[in-house]
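Data block below; observations after.
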Amino acid sequence: MQAPQTIDAKDLFEILVRENAGMLTAYLRAVVRNPSVVDDLFQETMLIAWRRLDDYDRTRPFGPWLRGIAAKLVLAHRRKASKDMLLCTEAVLEHLDHRLDQISRRPGDTWDEKVAALKDCLERLADSHRTAVELRYLRGLDVQGIAGRLAVSLDAVRKRLQRARSQLADCLRSKHVFEALGE
Amino acid sequence: MTMNGPRDDRLSLIRSLPDAPAGTAPDAADVPPALVRQIADEQLVHAMLAMELGDAPQTVQRNIRAVMEAIGRPVRPFTESGARPGVRRILRRAALATAAGLLLAAGLFFLLPPEESAQAALAEIIAAYETAGDRTYRISVEDEADRPSAPPRRGKRWQEKQDWQRLLGEMSRGGKAELDKAVLYLRGARQFVLIRPTADGQRVVNGYDGQQSWLARPDRPVLLSNEPHAFRVPMPKPMATVPFVALGETLRRIREEYDIAEVVFRPLPGAPTTLQYVLAKARPGDPKPPTSIELWADPDTGLLYRVVFHDAKTRGRPQPKRITLDLAGTDNLPANWFTHEPHHDASATIERID
């Protein structure tokens, strides 16, 4: 006979943190270029969420509330250090919020399961684009390193990576990971 | 085109920001809203790629640990707090569904359905597997006790086996590579190196570095292929679907094709904590080996300490085998360990087969 189990608020908060960690990391990485700043903002967001847990409207999902905290921190950081950022406006953050809301409703328990379609999209890329993506993200090479490895110009590498991301976004739209927003 | 030239350049710069060194601040002025959304999608793809292919999963785990330590709840095996790790996913679903009630009523009691607990435990191990760092496993192959040898077969499967053995002979001239006493290195969900000893004291090494697979044998050219599975461990067809070097696929196959017979906590000699033990059994009527698979995983991290395949059929041997993978270490391996270069002489001939 299995004994009943008890959980406390910190246990539950850990559950919520783990559940939302992938999503929050994606949200921050999508607007912040510097990974160490992403780490700082992640931890700060979660700690503010813990301190303000009483303010959380518990009839609503946790993820958007967390992103609301993160958005304020991100915009504040942008005012101090815009050079750490990718394109980061309120419109960008709002759009990302919608996208992550869509992804959160997809089937799957983990972030990886919810965005599993990305693997299929990667396989559909042209070889030259996929190679550039793998060198950039899997091997961690910078543009110069990739250019040296592939014997192409820096501009060609940048263009391949940018086109690859654009094609992956198109593919994710076709697979309804990114749903039309009716804008 | 001429009029839009400077703006096009600026947009191109913005879209390349994920690849630019820090120091370039984006200028979003006058970017049309539709294009802003497109760029936001591309930046989200950038984040997803960093998480799927890069080191973000390990970073996420570090950040979770830092947060929990900061609020005075150091991450520890759930067994210490009384909550079972295998049911965290169930708790999480419950928490999301009724967060208000649960958060207010911390201290509620849960009775946990065993079948859901089992699936949740497996899902936890799979999730952990996909985000794990470097791991080293030692492989041992033993006869299954108390099982008679199967009679020799001369049908289609026998022919397949002969074909496979011939192929193996061609692949490993100078000594057949053995799985027993082999060492398997894993990084994340995809990269691996498998070092197998041969009868004449040499070794056959194959691997996948995330970009290309490779095979290095004594006194033979090093073979490279863009096909990730080109040099998987050669096994007879029935076992080829259970690739030891792709434990993630094995875990998924367990979830889809096996019944979870047991999920308990059990000590394993040498392990630092009591482990979560999962026993998966082939469904009745499914003849495909192995007939059962044991998993031993850290209840907090999901790290696999031991995997045992029962009644596995290895090449050229009718006697069922028990194949065990034991965790030997989690030390970080050299950055280039999963590429072919560290595993053969610098003077070796390299041949690409595709």
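By order in the structure tokens, chains are A, B, ...; within a chain, residues start at 1; ligands start at 1, following the order shown.
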
* Which polymer residues have any atom within 10 Å of an atom of Ala40 in chain B, counting only C-alpha atoms, with same-chain residues fewer than 4 positions away left out, as a list in words? -> Ala30, Val31, Leu86, Leu87, Cys88, Thr89, Ala91, Val92, Leu93, Glu94, His95, Leu96, Arg99 and Ala169 of chain A; Arg15, Ala34, Leu35, Val36, Leu44, Val45 and His46 of chain B

I'd like the contact shell of range 55-72 of chain A - 8 Å cut-off, only C-alpha atoms, skipping same-chain residues fewer than 3 positions apart - returned as a PDB file with N, CA and C atoms, in the first residue's frame.
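Saved result, around.pdb, follows:
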```pdb
ATOM      1  N   LEU A  16       6.458  24.338 -10.672  1.00  0.00           N
ATOM      2  CA  LEU A  16       6.119  25.398 -11.627  1.00  0.00           C
ATOM      3  C   LEU A  16       7.380  25.942 -12.310  1.00  0.00           C
ATOM      4  N   ASN A  20       8.081  25.642 -16.370  1.00  0.00           N
ATOM      5  CA  ASN A  20       8.156  26.855 -17.191  1.00  0.00           C
ATOM      6  C   ASN A  20       9.587  27.268 -17.544  1.00  0.00           C
ATOM      7  N   MET A  23      10.333  27.349 -21.393  1.00  0.00           N
ATOM      8  CA  MET A  23       9.609  28.447 -22.032  1.00  0.00           C
ATOM      9  C   MET A  23      10.257  29.786 -21.696  1.00  0.00           C
ATOM     10  N   LEU A  24      10.572  29.999 -20.419  1.00  0.00           N
ATOM     11  CA  LEU A  24      11.127  31.300 -20.024  1.00  0.00           C
ATOM     12  C   LEU A  24      12.514  31.504 -20.644  1.00  0.00           C
ATOM     13  N   TYR A  27      12.028  32.511 -24.197  1.00  0.00           N
ATOM     14  CA  TYR A  27      11.538  33.901 -24.254  1.00  0.00           C
ATOM     15  C   TYR A  27      12.707  34.877 -24.107  1.00  0.00           C
ATOM     16  N   LEU A  28      13.560  34.613 -23.123  1.00  0.00           N
ATOM     17  CA  LEU A  28      14.682  35.526 -22.876  1.00  0.00           C
ATOM     18  C   LEU A  28      15.734  35.425 -23.983  1.00  0.00           C
ATOM     19  N   LEU A  41      18.607  37.241 -15.865  1.00  0.00           N
ATOM     20  CA  LEU A  41      17.193  37.625 -15.969  1.00  0.00           C
ATOM     21  C   LEU A  41      16.275  36.455 -15.625  1.00  0.00           C
ATOM     22  N   PHE A  42      16.682  35.255 -15.988  1.00  0.00           N
ATOM     23  CA  PHE A  42      15.903  34.065 -15.633  1.00  0.00           C
ATOM     24  C   PHE A  42      15.763  33.966 -14.118  1.00  0.00           C
ATOM     25  N   THR A  45      13.726  36.820 -12.589  1.00  0.00           N
ATOM     26  CA  THR A  45      12.289  36.637 -12.856  1.00  0.00           C
ATOM     27  C   THR A  45      11.684  35.623 -11.888  1.00  0.00           C
ATOM     28  N   MET A  46      12.352  34.496 -11.738  1.00  0.00           N
ATOM     29  CA  MET A  46      11.811  33.444 -10.880  1.00  0.00           C
ATOM     30  C   MET A  46      11.771  33.891  -9.417  1.00  0.00           C
ATOM     31  N   ILE A  48      11.488  36.968  -8.296  1.00  0.00           N
ATOM     32  CA  ILE A  48      10.382  37.932  -8.136  1.00  0.00           C
ATOM     33  C   ILE A  48       9.054  37.175  -8.098  1.00  0.00           C
ATOM     34  N   ALA A  49       8.931  36.167  -8.965  1.00  0.00           N
ATOM     35  CA  ALA A  49       7.690  35.369  -8.972  1.00  0.00           C
ATOM     36  C   ALA A  49       7.468  34.719  -7.609  1.00  0.00           C
ATOM     37  N   ARG A  52       6.372  37.358  -5.115  1.00  0.00           N
ATOM     38  CA  ARG A  52       5.043  37.937  -5.391  1.00  0.00           C
ATOM     39  C   ARG A  52       3.981  36.874  -5.646  1.00  0.00           C
ATOM     40  N   LEU A  75      12.936  44.918 -20.548  1.00  0.00           N
ATOM     41  CA  LEU A  75      12.883  46.299 -21.035  1.00  0.00           C
ATOM     42  C   LEU A  75      13.764  47.214 -20.175  1.00  0.00           C
ATOM     43  N   ALA A  76      13.789  46.930 -18.877  1.00  0.00           N
ATOM     44  CA  ALA A  76      14.660  47.721 -18.002  1.00  0.00           C
ATOM     45  C   ALA A  76      16.125  47.483 -18.364  1.00  0.00           C
ATOM     46  N   LEU A  93       8.029  41.650 -27.813  1.00  0.00           N
ATOM     47  CA  LEU A  93       7.725  40.873 -26.605  1.00  0.00           C
ATOM     48  C   LEU A  93       6.281  40.379 -26.606  1.00  0.00           C
ATOM     49  N   ASP A  97       5.134  36.521 -26.644  1.00  0.00           N
ATOM     50  CA  ASP A  97       4.200  36.052 -25.620  1.00  0.00           C
ATOM     51  C   ASP A  97       3.083  35.222 -26.265  1.00  0.00           C
ATOM     52  N   ASP A 101       2.537  31.204 -25.826  1.00  0.00           N
ATOM     53  CA  ASP A 101       1.218  30.762 -25.375  1.00  0.00           C
ATOM     54  C   ASP A 101       0.704  29.649 -26.289  1.00  0.00           C
TER      55      ASP A 101
ATOM     56  N   LEU B  96      -0.851  22.812 -12.332  1.00  0.00           N
ATOM     57  CA  LEU B  96      -1.244  23.764 -13.364  1.00  0.00           C
ATOM     58  C   LEU B  96      -2.754  23.842 -13.483  1.00  0.00           C
ATOM     59  N   THR B  98      -5.021  23.255 -11.157  1.00  0.00           N
ATOM     60  CA  THR B  98      -5.692  23.854  -9.999  1.00  0.00           C
ATOM     61  C   THR B  98      -4.671  24.526  -9.112  1.00  0.00           C
ATOM     62  N   ALA B  99      -3.900  25.387  -9.729  1.00  0.00           N
ATOM     63  CA  ALA B  99      -2.792  26.003  -9.001  1.00  0.00           C
ATOM     64  C   ALA B  99      -3.266  26.701  -7.737  1.00  0.00           C
ATOM     65  N   ALA B 100      -4.386  27.389  -7.841  1.00  0.00           N
ATOM     66  CA  ALA B 100      -4.855  28.148  -6.691  1.00  0.00           C
ATOM     67  C   ALA B 100      -5.067  27.242  -5.490  1.00  0.00           C
TER      68      ALA B 100
END
```

* Mind giving me the straight-line distance from CA of Glu123 in chain A to CA of Ile103 in chain A in Å, one decimal? =>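 Answer for the CA of Glu123 in chain A to CA of Ile103 in chain A separation: 20.5 Å.
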
* Asked: DSSP on the backbone: what in range 49-108 of chain A comes out helix (DSSP H, G or I), as JSON, numbers by chain?
  -> {"A": [49, 50, 51, 53, 54, 55, 62, 63, 64, 65, 66, 67, 68, 69, 70, 71, 72, 73, 74, 75, 76, 77, 78, 79, 80, 82, 83, 84, 90, 91, 92, 93, 94, 95, 96, 97, 98, 99, 100, 101, 102, 103, 104]}

Create the file for the chosen residues now, containing N, CA and C atoms and written as a CSV table (one decimal), in the first residue's frame.
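What landed in result-v4.csv:
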```csv
chain,number,residue,atom,x,y,z
A,49,ALA,N,8.9,36.2,-9.0
A,49,ALA,CA,7.7,35.4,-9.0
A,49,ALA,C,7.5,34.7,-7.6
A,50,TRP,N,8.5,34.2,-7.0
A,50,TRP,CA,8.4,33.6,-5.7
A,50,TRP,C,8.0,34.6,-4.6
A,51,ARG,N,8.6,35.8,-4.7
A,51,ARG,CA,8.2,36.8,-3.7
A,51,ARG,C,6.8,37.3,-3.9
A,53,LEU,N,4.2,35.7,-5.2
A,53,LEU,CA,3.3,34.6,-5.5
A,53,LEU,C,1.9,34.9,-5.0
A,54,ASP,N,1.8,35.7,-4.0
A,54,ASP,CA,0.4,36.1,-3.5
A,54,ASP,C,-0.3,37.0,-4.5
A,55,ASP,N,0.4,37.7,-5.4
A,55,ASP,CA,-0.2,38.5,-6.4
A,55,ASP,C,-0.7,37.8,-7.6
A,62,PHE,N,0.3,30.1,-15.3
A,62,PHE,CA,1.5,30.6,-14.7
A,62,PHE,C,2.4,31.3,-15.7
A,63,GLY,N,2.5,30.6,-16.9
A,63,GLY,CA,3.5,31.1,-17.9
A,63,GLY,C,3.4,32.5,-18.3
A,64,PRO,N,2.2,33.0,-18.7
A,64,PRO,CA,2.1,34.4,-19.1
A,64,PRO,C,2.4,35.4,-18.0
A,65,TRP,N,2.0,35.0,-16.7
A,65,TRP,CA,2.4,35.8,-15.6
A,65,TRP,C,3.9,36.0,-15.4
A,66,LEU,N,4.5,34.8,-15.6
A,66,LEU,CA,6.0,34.8,-15.5
A,66,LEU,C,6.6,35.7,-16.6
A,67,ARG,N,6.1,35.6,-17.8
A,67,ARG,CA,6.6,36.4,-18.9
A,67,ARG,C,6.3,37.9,-18.7
A,68,GLY,N,5.2,38.2,-18.0
A,68,GLY,CA,5.0,39.6,-17.7
A,68,GLY,C,6.1,40.2,-16.8
A,69,ILE,N,6.5,39.4,-15.8
A,69,ILE,CA,7.6,39.8,-15.0
A,69,ILE,C,8.9,40.0,-15.8
A,70,ALA,N,9.1,38.9,-16.6
A,70,ALA,CA,10.4,38.9,-17.4
A,70,ALA,C,10.4,40.1,-18.4
A,71,ALA,N,9.2,40.5,-18.9
A,71,ALA,CA,9.2,41.5,-19.9
A,71,ALA,C,9.6,42.9,-19.3
A,72,LYS,N,9.2,43.1,-18.1
A,72,LYS,CA,9.5,44.3,-17.4
A,72,LYS,C,11.1,44.4,-17.1
A,73,LEU,N,11.6,43.2,-16.7
A,73,LEU,CA,13.0,43.2,-16.5
A,73,LEU,C,13.8,43.3,-17.8
A,74,VAL,N,13.4,42.7,-18.8
A,74,VAL,CA,14.1,42.8,-20.1
A,74,VAL,C,14.1,44.2,-20.6
A,75,LEU,N,12.9,44.9,-20.5
A,75,LEU,CA,12.9,46.3,-21.0
A,75,LEU,C,13.8,47.2,-20.2
A,76,ALA,N,13.8,46.9,-18.9
A,76,ALA,CA,14.7,47.7,-18.0
A,76,ALA,C,16.1,47.5,-18.4
A,77,HIS,N,16.5,46.2,-18.7
A,77,HIS,CA,17.9,45.9,-19.0
A,77,HIS,C,18.2,46.6,-20.4
A,78,ARG,N,17.2,46.6,-21.3
A,78,ARG,CA,17.5,47.2,-22.6
A,78,ARG,C,17.8,48.7,-22.4
A,79,ARG,N,17.2,49.3,-21.5
A,79,ARG,CA,17.5,50.8,-21.3
A,79,ARG,C,18.9,51.0,-20.8
A,80,LYS,N,19.4,50.0,-20.1
A,80,LYS,CA,20.8,50.1,-19.5
A,80,LYS,C,21.8,49.6,-20.5
A,82,SER,N,21.6,48.3,-24.3
A,82,SER,CA,20.9,47.9,-25.5
A,82,SER,C,21.8,47.0,-26.4
A,83,LYS,N,23.1,47.1,-26.1
A,83,LYS,CA,24.0,46.3,-27.0
A,83,LYS,C,24.0,44.8,-26.6
A,84,ASP,N,23.3,44.5,-25.5
A,84,ASP,CA,23.2,43.1,-25.1
A,84,ASP,C,22.0,42.4,-25.9
A,90,GLU,N,8.4,46.5,-27.3
A,90,GLU,CA,7.2,45.9,-26.7
A,90,GLU,C,6.4,45.1,-27.7
A,91,ALA,N,6.4,45.5,-29.0
A,91,ALA,CA,5.7,44.7,-30.0
A,91,ALA,C,6.3,43.3,-30.1
A,92,VAL,N,7.6,43.2,-30.1
A,92,VAL,CA,8.3,41.9,-30.2
A,92,VAL,C,8.0,41.1,-29.0
A,93,LEU,N,8.0,41.6,-27.8
A,93,LEU,CA,7.7,40.9,-26.6
A,93,LEU,C,6.3,40.4,-26.6
A,94,GLU,N,5.4,41.2,-27.1
A,94,GLU,CA,4.0,40.8,-27.1
A,94,GLU,C,3.8,39.7,-28.1
A,95,HIS,N,4.5,39.8,-29.3
A,95,HIS,CA,4.4,38.7,-30.2
A,95,HIS,C,5.0,37.4,-29.7
A,96,LEU,N,6.1,37.5,-29.0
A,96,LEU,CA,6.7,36.3,-28.4
A,96,LEU,C,5.8,35.7,-27.4
A,97,ASP,N,5.1,36.5,-26.6
A,97,ASP,CA,4.2,36.1,-25.6
A,97,ASP,C,3.1,35.2,-26.3
A,98,HIS,N,2.6,35.7,-27.4
A,98,HIS,CA,1.5,35.0,-28.1
A,98,HIS,C,2.1,33.6,-28.6
A,99,ARG,N,3.2,33.7,-29.2
A,99,ARG,CA,3.8,32.4,-29.7
A,99,ARG,C,4.0,31.4,-28.6
A,100,LEU,N,4.6,31.8,-27.5
A,100,LEU,CA,4.8,30.9,-26.4
A,100,LEU,C,3.5,30.4,-25.8
A,101,ASP,N,2.5,31.2,-25.8
A,101,ASP,CA,1.2,30.8,-25.4
A,101,ASP,C,0.7,29.6,-26.3
A,102,GLN,N,0.9,29.8,-27.6
A,102,GLN,CA,0.5,28.8,-28.5
A,102,GLN,C,1.3,27.5,-28.3
A,103,ILE,N,2.6,27.6,-28.1
A,103,ILE,CA,3.4,26.4,-27.9
A,103,ILE,C,3.0,25.7,-26.6
A,104,SER,N,2.7,26.5,-25.6
A,104,SER,CA,2.3,25.9,-24.3
A,104,SER,C,1.1,25.0,-24.4
```

* **Atom-to-atom span, CA of Val115 in chain A and CA of Thr301 in chain B, Å** =>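 Spanning CA of Val115 in chain A to CA of Thr301 in chain B is a straight-line distance of 21.8 Å.
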
* Extract, using only C-alpha atoms, all DNA, RNA and protein residues at most 8 Å from Leu275 in chain B, discarding same-chain residues fewer than 4 positions from it, and format them as a list in words. =>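 Near neighbours after the sequence-gap exclusion: Phe265, Arg266, Pro267, Leu268, Ala271, Trp296, Ala297, Asp298 and Pro299 of chain B.
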
* **Which residue of B:Pro228, B:Pro18, B:Gly133, B:Gly302 approaches chain A most closely, using only C-alpha atoms** =>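 Among the listed residues, the smallest separation from chain A belongs to B:Pro18.
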
* Between B:Val31, B:Met68, B:Ile350, B:Ala199, which one has atoms that come closest to chain A, using only C-alpha atoms? ->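 Nearest candidate to chain A out of B:Val31, B:Met68, B:Ile350, B:Ala199: B:Met68.
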